[in-house]
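File shown: run-v2.txt (compact mmCIF, C-alpha atoms).
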```txt
# COMPACT_ATOMS: atom_id res chain seq x y z
CA MET X 1 53.90 88.36 142.84
CA LYS X 2 53.82 88.17 139.06
CA ARG X 3 54.61 91.15 136.91
CA LYS X 4 55.09 91.60 133.22
CA VAL X 5 58.63 92.48 132.23
CA SER X 6 58.77 94.54 129.08
CA GLY X 7 61.56 94.04 126.55
CA GLU X 8 64.53 96.24 127.30
CA LYS X 9 65.19 97.33 123.75
CA THR X 10 61.63 98.51 123.23
CA ASN X 11 62.81 101.61 125.07
CA LYS X 12 64.31 103.51 122.16
CA THR X 13 65.72 106.32 124.28
CA PHE X 14 67.84 103.97 126.33
CA MET X 15 68.76 101.98 123.25
CA VAL X 16 70.25 105.15 121.74
CA LEU X 17 71.87 106.04 125.07
CA SER X 18 73.60 102.63 125.12
CA PHE X 19 74.73 103.18 121.53
CA ILE X 20 76.19 106.59 122.38
CA GLY X 21 77.82 105.25 125.53
CA ILE X 22 79.67 102.38 123.87
CA CYS X 23 80.85 104.68 121.07
CA MET X 24 82.29 106.96 123.74
CA VAL X 25 84.08 104.03 125.39
CA ILE X 26 85.81 103.09 122.14
CA SER X 27 86.65 106.69 121.30
CA GLY X 28 88.12 107.21 124.76
CA HIS X 29 90.32 104.12 124.40
CA ILE X 30 91.88 105.30 121.16
CA PHE X 31 93.88 107.77 123.29
CA THR X 32 94.37 110.37 120.55
CA THR X 33 91.88 112.84 119.15
CA PRO X 34 88.60 111.32 120.36
CA VAL X 35 86.28 110.67 117.45
CA LEU X 36 83.20 111.49 119.47
CA ASN X 37 84.56 114.10 121.85
CA ILE X 38 81.46 116.23 121.32
CA PHE X 39 80.94 118.73 124.16
CA GLY X 40 84.18 117.30 125.59
CA ASN X 41 85.10 120.58 127.23
CA PHE X 42 82.12 120.17 129.51
CA PHE X 43 81.45 116.42 129.57
CA THR X 44 84.76 114.58 129.41
CA PHE X 45 84.25 110.86 128.93
CA ASN X 46 85.84 109.84 132.20
CA SER X 47 83.57 112.12 134.17
CA PHE X 48 80.39 110.12 133.59
CA PHE X 49 80.28 107.34 131.01
CA MET X 50 80.98 104.26 133.19
CA PRO X 51 78.42 105.41 135.80
CA MET X 52 76.06 105.93 132.85
CA PHE X 53 76.24 102.24 131.91
CA ILE X 54 75.46 101.32 135.52
CA PHE X 55 72.57 103.79 135.47
CA ILE X 56 71.18 102.10 132.35
CA SER X 57 71.37 98.68 134.00
CA GLY X 58 69.63 99.97 137.12
CA TYR X 59 66.86 101.42 134.99
CA PHE X 60 66.00 97.97 133.67
CA PHE X 61 65.90 96.18 137.01
CA LYS X 62 62.42 94.73 137.48
CA ASP X 63 60.77 93.81 140.76
CA GLU X 64 59.78 90.52 139.17
CA TYR X 65 63.37 89.47 139.79
CA LEU X 66 62.68 89.56 143.53
CA ASP X 67 60.54 86.42 143.27
CA SER X 68 63.63 84.21 143.34
CA PHE X 69 67.22 85.13 144.13
CA TRP X 70 68.62 81.97 142.55
CA LYS X 71 66.66 82.54 139.37
CA PHE X 72 68.00 86.10 139.22
CA PHE X 73 71.53 84.94 140.06
CA LYS X 74 71.41 82.26 137.37
CA LYS X 75 70.10 84.72 134.79
CA LYS X 76 72.85 87.25 135.47
CA PHE X 77 75.59 84.65 135.83
CA LEU X 78 74.80 83.02 132.51
CA LYS X 79 74.42 86.36 130.75
CA LEU X 80 77.47 88.07 132.20
CA MET X 81 79.92 85.84 134.04
CA LEU X 82 79.87 82.61 132.05
CA TYR X 83 80.46 84.68 128.93
CA TYR X 84 83.23 86.59 130.71
CA PHE X 85 85.00 83.51 132.07
CA ILE X 86 85.12 81.85 128.64
CA TRP X 87 86.59 84.89 126.90
CA ASN X 88 88.89 85.63 129.82
CA LEU X 89 90.39 82.16 129.32
CA ILE X 90 90.75 82.74 125.58
CA TYR X 91 92.52 86.06 126.08
CA GLY X 92 94.66 84.47 128.78
CA ILE X 93 95.81 81.86 126.26
CA ILE X 94 96.54 84.56 123.67
CA MET X 95 98.61 86.57 126.12
CA SER X 96 100.43 83.48 127.37
CA ILE X 97 101.50 82.74 123.79
CA ARG X 98 102.62 86.35 123.40
CA ARG X 99 104.55 86.26 126.68
CA ALA X 100 106.29 83.02 125.67
CA ALA X 101 107.23 84.54 122.30
CA VAL X 102 108.37 88.06 123.18
CA GLY X 103 108.05 88.42 126.94
CA GLY X 104 105.85 90.89 128.76
CA PRO X 105 104.32 91.80 132.09
CA ASP X 106 101.05 89.89 131.70
CA LEU X 107 99.98 87.50 134.44
CA PRO X 108 100.01 83.71 133.89
CA ILE X 109 96.87 81.62 133.58
CA ASN X 110 95.84 80.15 136.92
CA PHE X 111 92.79 79.91 139.14
CA TYR X 112 93.34 83.39 140.53
CA THR X 113 93.67 85.18 137.18
CA LEU X 114 90.73 83.26 135.72
CA PHE X 115 88.21 83.52 138.54
CA ILE X 116 89.35 85.89 141.32
CA GLU X 117 91.30 88.74 139.73
CA PRO X 118 88.38 89.59 137.37
CA PHE X 119 86.37 90.71 140.40
CA VAL X 120 89.29 92.65 141.88
CA ASP X 121 90.58 94.89 139.08
CA GLY X 122 90.03 92.86 135.89
CA GLY X 123 93.41 93.79 134.42
CA GLN X 124 94.97 90.34 134.57
CA PHE X 125 95.60 89.90 130.83
CA GLY X 126 95.80 93.52 129.71
CA ILE X 127 94.36 93.18 126.26
CA ASN X 128 90.79 92.68 127.53
CA ILE X 129 91.04 95.11 130.41
CA PRO X 130 87.94 97.17 129.46
CA SER X 131 85.87 94.07 130.27
CA TRP X 132 86.55 94.68 133.98
CA PHE X 133 83.16 96.34 133.86
CA ILE X 134 81.32 93.02 133.38
CA PRO X 135 82.21 91.39 136.74
CA THR X 136 81.74 94.73 138.46
CA LEU X 137 78.25 95.10 137.00
CA PHE X 138 77.47 91.55 138.11
CA THR X 139 78.47 92.21 141.73
CA VAL X 140 76.55 95.50 141.80
CA GLU X 141 73.39 93.83 140.45
CA ILE X 142 73.60 91.01 142.98
CA ALA X 143 74.12 93.51 145.82
CA TYR X 144 71.21 95.63 144.62
CA TRP X 145 68.90 92.59 144.61
CA PHE X 146 69.30 92.36 148.39
CA VAL X 147 68.87 96.11 148.81
CA ARG X 148 65.64 96.10 146.84
CA LYS X 149 64.36 92.93 148.53
CA ILE X 150 64.76 94.50 151.96
CA GLU X 151 63.28 97.80 150.79
CA VAL X 152 60.16 96.15 149.34
CA LYS X 153 59.71 93.99 152.43
CA LEU X 154 59.94 96.95 154.79
CA VAL X 155 58.07 99.73 152.96
CA GLY X 156 56.46 98.19 149.87
CA GLU X 157 57.18 98.52 146.17
CA LYS X 158 56.75 102.29 146.01
CA CYS X 159 57.72 104.59 148.85
CA VAL X 160 59.15 107.99 147.98
CA PRO X 161 60.60 108.74 151.47
CA SER X 162 62.56 105.48 151.52
CA ALA X 163 63.79 106.13 147.97
CA VAL X 164 65.05 109.58 148.99
CA ILE X 165 66.75 108.20 152.10
CA LEU X 166 68.45 105.38 150.21
CA ALA X 167 69.54 107.73 147.43
CA ILE X 168 71.20 109.98 150.04
CA ILE X 169 72.81 107.00 151.76
CA PHE X 170 74.27 105.66 148.52
CA ALA X 171 75.48 109.13 147.52
CA VAL X 172 77.27 109.45 150.87
CA ILE X 173 78.78 105.98 150.43
CA ASN X 174 79.93 107.00 146.96
CA MET X 175 81.69 110.06 148.37
CA GLY X 176 83.12 107.94 151.18
CA VAL X 177 84.63 105.56 148.62
CA VAL X 178 86.20 108.50 146.78
CA TRP X 179 87.63 109.86 150.03
CA PHE X 180 89.07 106.47 150.98
CA ALA X 181 90.55 106.03 147.48
CA LYS X 182 92.23 109.45 147.71
CA HIS X 183 93.64 109.06 151.21
CA VAL X 184 94.11 105.34 151.83
CA GLY X 185 93.63 103.29 148.68
CA PHE X 186 91.84 100.09 147.70
CA SER X 187 93.25 96.65 146.99
CA GLY X 188 92.17 93.03 147.09
CA ALA X 189 88.73 92.24 148.48
CA LEU X 190 88.40 95.82 149.66
CA LEU X 191 88.58 96.98 146.05
CA VAL X 192 85.64 94.73 145.18
CA LEU X 193 83.57 96.30 147.97
CA GLY X 194 84.78 99.76 147.01
CA LYS X 195 83.54 99.41 143.44
CA ILE X 196 80.17 98.14 144.66
CA GLY X 197 79.94 101.12 146.99
CA PHE X 198 80.94 103.59 144.28
CA PHE X 199 78.61 102.28 141.56
CA MET X 200 75.60 101.44 143.71
CA ALA X 201 74.63 105.12 143.78
CA PHE X 202 74.24 105.11 140.01
CA TYR X 203 72.47 101.75 139.84
CA TYR X 204 69.97 102.99 142.40
CA MET X 205 69.70 106.26 140.50
CA GLY X 206 68.66 104.33 137.40
CA ALA X 207 66.15 102.27 139.36
CA ILE X 208 64.41 105.23 140.99
CA TYR X 209 64.54 107.18 137.73
CA ASN X 210 62.44 104.39 136.24
CA ARG X 211 60.04 104.20 139.19
CA TYR X 212 59.63 107.87 140.10
CA LEU X 213 61.63 110.42 138.17
CA GLU X 214 61.29 109.74 134.45
CA LYS X 215 57.81 111.21 134.14
CA TRP X 216 59.08 114.42 135.74
CA GLU X 217 62.41 114.60 133.93
CA THR X 218 60.71 114.40 130.54
CA LYS X 219 58.72 117.53 131.40
CA ILE X 220 61.86 119.62 131.89
CA PRO X 221 62.49 121.78 128.79
CA SER X 222 65.51 120.64 126.84
CA ALA X 223 66.89 124.17 126.90
CA VAL X 224 67.08 124.00 130.70
CA ILE X 225 69.06 120.76 130.65
CA PHE X 226 71.35 121.99 127.87
CA ILE X 227 72.15 125.12 129.86
CA VAL X 228 72.21 123.90 133.46
CA CYS X 229 74.25 120.70 132.97
CA PRO X 230 77.20 122.24 131.05
CA LEU X 231 77.24 125.31 133.28
CA THR X 232 77.31 123.11 136.38
CA ASN X 233 80.39 121.29 135.11
CA ALA X 234 81.99 124.55 133.99
CA PHE X 235 81.39 125.99 137.47
CA LEU X 236 83.04 122.93 139.06
CA MET X 237 86.05 123.32 136.77
CA ILE X 238 86.54 126.89 137.97
CA PHE X 239 87.54 125.53 141.36
CA PHE X 240 89.30 122.36 140.19
CA GLU X 241 90.80 121.96 136.75
CA THR X 242 89.88 118.36 136.04
CA ILE X 243 86.57 116.61 136.66
CA GLU X 244 87.76 113.23 135.35
CA PHE X 245 88.13 110.01 137.32
CA PRO X 246 89.63 107.64 134.73
CA ASN X 247 90.76 104.55 136.64
CA LEU X 248 87.54 103.20 138.08
CA PHE X 249 88.67 99.61 137.66
CA ILE X 250 91.20 100.21 140.47
CA LEU X 251 89.66 103.33 142.05
CA ASN X 252 92.90 105.25 142.18
CA LYS X 253 92.69 108.50 140.19
CA PHE X 254 90.21 110.72 141.98
CA MET X 255 91.85 114.12 141.81
CA ALA X 256 88.85 116.39 142.35
CA PRO X 257 86.88 116.82 145.61
CA VAL X 258 84.87 113.81 146.78
CA PHE X 259 81.49 115.17 145.66
CA TYR X 260 82.57 115.83 142.06
CA PRO X 261 81.96 112.31 140.64
CA ILE X 262 78.36 112.10 141.82
CA ILE X 263 77.62 115.56 140.36
CA THR X 264 79.45 115.23 137.03
CA SER X 265 78.01 111.75 136.48
CA THR X 266 74.51 113.09 137.07
CA THR X 267 74.95 116.06 134.72
CA GLY X 268 76.55 113.88 132.04
CA ILE X 269 73.81 111.28 132.26
CA LEU X 270 71.03 113.87 132.15
CA PHE X 271 72.61 115.69 129.22
CA TRP X 272 73.12 112.62 127.05
CA LEU X 273 69.84 111.09 128.12
CA ARG X 274 68.04 114.12 126.75
CA ILE X 275 70.14 114.02 123.56
CA SER X 276 69.16 110.36 123.18
CA ARG X 277 65.49 111.13 123.72
CA LEU X 278 65.55 113.85 121.06
CA ILE X 279 67.37 111.86 118.38
CA ALA X 280 65.75 108.48 119.09
CA PRO X 281 62.89 109.01 116.60
CA ALA X 282 65.44 109.65 113.86
CA ILE X 283 67.95 106.84 114.43
CA SER X 284 66.29 104.20 116.62
CA LYS X 285 65.09 102.22 113.59
CA SER X 286 68.59 101.96 112.19
CA LYS X 287 69.74 98.33 112.04
CA ILE X 288 73.29 99.41 112.81
CA VAL X 289 72.26 101.37 115.90
CA ASN X 290 70.13 98.45 117.11
CA MET X 291 72.91 95.95 116.47
CA ILE X 292 75.50 98.00 118.34
CA SER X 293 73.15 98.76 121.22
CA ASN X 294 72.23 95.07 121.58
CA ASN X 295 75.88 94.00 121.75
CA THR X 296 77.59 96.49 124.06
CA LYS X 297 78.88 93.62 126.23
CA ASP X 298 80.70 92.07 123.27
CA ILE X 299 82.10 95.41 122.16
CA MET X 300 83.30 96.11 125.69
CA MET X 301 85.02 92.72 125.78
CA HIS X 302 86.79 92.76 122.41
CA HIS X 303 87.33 96.29 121.13
CA LEU X 304 90.76 96.93 122.64
CA PHE X 305 92.13 93.68 121.22
CA PHE X 306 91.13 94.65 117.68
CA ILE X 307 92.28 98.24 118.13
CA THR X 308 95.71 96.98 119.20
CA ILE X 309 96.00 94.45 116.35
CA THR X 310 94.98 97.09 113.81
CA GLN X 311 97.44 99.57 115.26
CA LEU X 312 100.30 97.09 114.95
CA VAL X 313 99.33 96.22 111.37
CA MET X 314 99.13 99.89 110.45
CA PHE X 315 102.56 100.55 111.94
CA GLY X 316 104.00 97.50 110.21
CA ILE X 317 102.76 98.71 106.84
CA LEU X 318 104.14 102.20 107.43
CA LYS X 319 107.47 100.74 108.50
CA ALA X 320 107.62 98.57 105.37
CA ILE X 321 107.11 101.55 103.07
CA GLY X 322 109.55 103.76 104.95
CA LEU X 323 107.11 106.10 106.68
CA ALA X 324 107.52 104.83 110.22
CA ASP X 325 109.91 107.66 111.12
CA ASP X 326 106.93 110.03 111.03
CA TYR X 327 105.34 108.05 113.83
CA ALA X 328 106.29 107.96 117.45
CA PRO X 329 104.94 106.25 120.57
CA SER X 330 102.54 108.53 122.41
CA ALA X 331 101.04 106.12 124.90
CA ILE X 332 102.33 102.97 126.55
CA TYR X 333 99.97 100.03 126.61
CA GLN X 334 100.98 96.89 128.51
CA GLY X 335 99.10 94.54 126.29
CA LEU X 336 99.57 92.73 123.01
CA GLY X 337 101.76 95.34 121.41
CA ASP X 338 103.28 97.18 124.42
CA VAL X 339 103.29 100.47 122.52
CA PHE X 340 100.61 102.31 120.63
CA TYR X 341 102.06 104.26 117.71
CA TYR X 342 100.30 107.38 116.57
CA PRO X 343 101.06 109.70 113.69
CA HIS X 344 102.26 113.25 114.15
CA HIS X 345 100.06 114.20 111.21
CA GLY X 346 96.65 112.88 110.26
CA ALA X 347 95.82 111.58 113.74
CA LEU X 348 92.09 112.00 113.22
CA PHE X 349 92.15 109.80 110.12
CA PHE X 350 93.94 106.99 111.94
CA SER X 351 91.73 107.40 114.98
CA ALA X 352 88.64 107.05 112.80
CA ILE X 353 89.96 103.76 111.38
CA LEU X 354 90.67 102.42 114.86
CA PHE X 355 87.25 103.56 116.04
CA LEU X 356 85.43 101.73 113.26
CA VAL X 357 87.48 98.58 113.81
CA GLY X 358 86.85 98.70 117.56
CA LEU X 359 83.14 99.14 116.98
CA PHE X 360 82.45 96.58 114.25
CA ALA X 361 85.07 93.83 114.64
CA PRO X 362 83.54 92.66 117.96
CA LEU X 363 80.21 92.36 116.16
CA GLY X 364 81.89 89.97 113.74
CA VAL X 365 83.13 87.94 116.71
CA LYS X 366 79.59 87.88 118.10
CA HIS X 367 78.26 86.62 114.75
CA LEU X 368 80.83 83.82 114.61
CA GLN X 369 80.16 83.01 118.25
CA GLU X 370 76.44 82.61 117.57
CA LYS X 371 77.09 80.41 114.54
CA PHE X 372 79.39 78.21 116.63
CA ILE X 373 76.82 77.91 119.42
CA ASN X 374 74.10 77.02 116.92
CA TRP X 375 76.39 74.39 115.39
CA LEU X 376 77.01 72.91 118.84
CA LYS X 377 73.28 72.76 119.52
CA ARG X 378 72.63 70.99 116.23
CA PHE X 379 75.53 68.61 116.82
CA PHE X 380 74.40 67.56 120.30
CA ASN X 381 70.75 67.41 119.33
CA THR X 382 71.56 65.13 116.40
CA ASN X 383 73.99 62.92 118.30
CA GLY X 384 71.74 62.82 121.33
CA GLY X 385 68.94 61.29 119.31
CA LEU X 386 66.87 64.47 119.16
CA ALA X 387 66.29 64.94 115.45
CA THR X 388 65.71 68.50 114.32
CA ASN X 389 63.13 67.44 111.75
CA PRO X 390 59.62 67.23 113.31
CA LYS X 391 58.68 64.34 111.00
CA ARG X 392 61.74 62.36 112.11
CA ARG X 393 60.86 62.99 115.77
CA SER X 394 57.32 61.80 115.11
CA THR X 395 58.62 58.70 113.33
CA ARG X 396 60.86 57.83 116.30
CA ARG X 397 58.03 58.28 118.78
CA ASN X 398 55.78 55.98 116.77
CA GLY X 399 58.50 53.34 116.48
CA ARG X 400 58.74 53.62 112.70
```
Let me see the structure of the file written as structure tokens.
Amino acid sequence: MKRKVSGEKTNKTFMVLSFIGICMVISGHIFTTPVLNIFGNFFTFNSFFMPMFIFISGYFFKDEYLDSFWKFFKKKFLKLMLYYFIWNLIYGIIMSIRRAAVGGPDLPINFYTLFIEPFVDGGQFGINIPSWFIPTLFTVEIAYWFVRKIEVKLVGEKCVPSAVILAIIFAVINMGVVWFAKHVGFSGALLVLGKIGFFMAFYYMGAIYNRYLEKWETKIPSAVIFIVCPLTNAFLMIFFETIEFPNLFILNKFMAPVFYPIITSTTGILFWLRISRLIAPAISKSKIVNMISNNTKDIMMHHLFFITITQLVMFGILKAIGLADDYAPSAIYQGLGDVFYYPHHGALFFSAILFLVGLFAPLGVKHLQEKFINWLKRFFNTNGGLATNPKRRSTRRNGR
């Protein structure tokens, strides 16, 4: 079966949604006054934004991928895991140097921390801990390939009853994972399976939204979504104060009832999806928005490193000019600097600086990375006898 796969970024609504999502990730990791904590009283970041990234990935799954598992596996491995393994090694080296210089709790570089721990909790080197999402996304996508393959083989490409049944099954599994996390706890290989079970509901949600639901969701008046979604979360908070579940990389901070995450993730996704759809015509042509949306993986990988470095530089400058006494540690971070320092006054100003650094510095890394890769290609092409000049290639073929 051959199908045409459209370019992902031609979908401007989801491009904007990715842009909003990664901005929320950075803002949430600044730990002080969130720069983008818009509607935060109803849609706290940790109540939906990681499931939202999974939802986006599920939306772009194409049945063309079912033609060959190994082709799909290779595509995802090269795009996600090879990239991750290389940078995981680099950050492991950085943290090893830091540990040798000043000590610290970070794990040493070995086979486990390079290739196994990333799939377990992804916190092996601290400073790149937000990138835990990359191996998790990879395992969820591989697991979904088998789910979809079996579904298509049994009932065909489109079957609403099977979609409803599977959506219910994955929602129940999601709640089962939350229950187990609250009462027993995950670790080791079980944690890997737990994260697949938790996130599969949202990956499948994205897939069936693409196949069945989008045409209906777009017909819902925006006013309905903007009223129902916040009120739903507000209603949930009447019975339980917090709707957040912040530690998804280790599945250990589910404080609300087991059905809260599936509901708050759905309301958060719907709310911001509609926001994205409404503002897409205005900002989707922005080069900055496109650049950020196209590089969310790189931003996820690097932003905390640059936020930490900037924070230490800022504190060093303030200490040198005698203003450090106005600053005190407000959050412990077991990474490059051990302690984040935040000002008692002017926190929003400093948070904005950290936000911009966390957003744009990884794009600089991506640019340098691409230049290095292009240099390697030119180097090996030249030294391998494959001249880059077409006339030189023609001359060699003709023996001249």
**OP:** Go through X:Ile134, X:Asp63, X:Leu89, X:Met301 and flag the residue nearest Glu151 in chain X, using only C-alpha atoms for the distances.
**Re:**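 Ranking X:Ile134, X:Asp63, X:Leu89, X:Met301 by distance to Glu151 in chain X, first place goes to X:Asp63.
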**OP:** Would you mind listing what lies within 8 Å of range 184-187 of chain X as a list in words, with all atoms listed in the file counted and same-chain residues fewer than 3 positions away left out?
**Re:**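 Result of the neighbour search: Val120, Phe180, Ala181, Leu190, Leu191, Gly194, Ile250, Leu251 and Asn252 of chain X.
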Original post:
Of the residues X:Ile208, X:Ala167, X:Ile262, X:Ile97, which is the one nearest to Ile56 in chain X, using only C-alpha atoms?
Top reply: X:Ile208
**OP:** May I have the residues within 12 Å of Val164 in chain X as a ChimeraX atom specification, using all atoms listed in the file and disregarding those fewer than 3 positions away in the same chain?
**Re:** /X:158-161,167-171,201,204-205,208-209,212-213
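Straight-line separation from CA of Phe146 in chain X to CA of Ile116 in chain X: 22.2 Å.
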Subject >> Separation of CA of Leu166 in chain X from CA of Val140 in chain X, in Å and rounded to one decimal >> reply: 15.3 Å
Subject >> Expected answer as a PyMOL selection string: all residues with atoms within 10 Å of (78.4, 115.7, 142.9), all atoms listed in the file >> reply: chain X and resi 171+174-175+232-233+236+257-267
Original post:
Could you work out how far CA of Leu82 in chain X lies from CA of Ile373 in chain X, giving the answer in Å with one decimal?
Top reply: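 Going from CA of Ile373 in chain X over to CA of Leu82 in chain X covers 13.8 Å.
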**OP:** Have a look at X:Val178, X:Met300, X:Ile279, X:Ile317 and name the one nearest to Thr13 in chain X; count all atoms listed in the file.
**Re:**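 Counting all atoms listed in the file, the residue closest to Thr13 in chain X is X:Ile279.
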**OP:** Return the single residue from X:Leu193, X:Val365, X:Leu114, X:Ala320 that is closest to Gly92 in chain X, with distances computed using only C-alpha atoms.
**Re:**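 Ranking X:Leu193, X:Val365, X:Leu114, X:Ala320 by distance to Gly92 in chain X, first place goes to X:Leu114.
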Original post:
Which residue gives the smallest distance to Lys75 in chain X among X:Ile30, X:Ile227, X:Ile142, X:Leu318, with all atoms listed in the file counted?
Top reply: X:Ile142
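Using all atoms listed in the file, the shortest contact distance between Lys62 in chain X and any of X:Phe14, X:Tyr144, X:Phe119, X:Phe138 is found at X:Tyr144.
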Original post:
Any idea what's packed within 10 Å of Trp272 in chain X, counting all atoms listed in the file, ignoring anything in its chain fewer than 5 positions away? Could you give it as a ChimeraX atom specification?
Top reply: /X:16-17,20-21,43,49,52,225-226,267,277-278
Subject >> 6 Å contact set for range 285-295 of chain X, all atoms listed in the file, chain neighbours under 4 positions out, as a ChimeraX atom specification >> reply: /X:15,18-19
Just to be explicit: take each residue in the selection above, keep C-alpha atoms, and write the result as a PDB file, in the frame of the given file.
```pdb
ATOM      1  CA  MET X  15      68.760 101.980 123.250  1.00  0.00           C
ATOM      2  CA  SER X  18      73.600 102.630 125.120  1.00  0.00           C
ATOM      3  CA  PHE X  19      74.730 103.180 121.530  1.00  0.00           C
TER       4      PHE X  19
END
```
For range 238-246 of chain X, please output as a JSON list (two decimals) with C-alpha atoms, in the coordinates of the input all residues within 6 Å (counting all atoms listed in the file; exclusion window: fewer than 3 positions along the same chain).
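This went into result-v8.json:
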```json
[["chain", "number", "residue", "atom", "x", "y", "z"],
["X", 46, "ASN", "CA", 85.84, 109.84, 132.20],
["X", 47, "SER", "CA", 83.57, 112.12, 134.17],
["X", 235, "PHE", "CA", 81.39, 125.99, 137.47],
["X", 253, "LYS", "CA", 92.69, 108.50, 140.19],
["X", 254, "PHE", "CA", 90.21, 110.72, 141.98]]
```
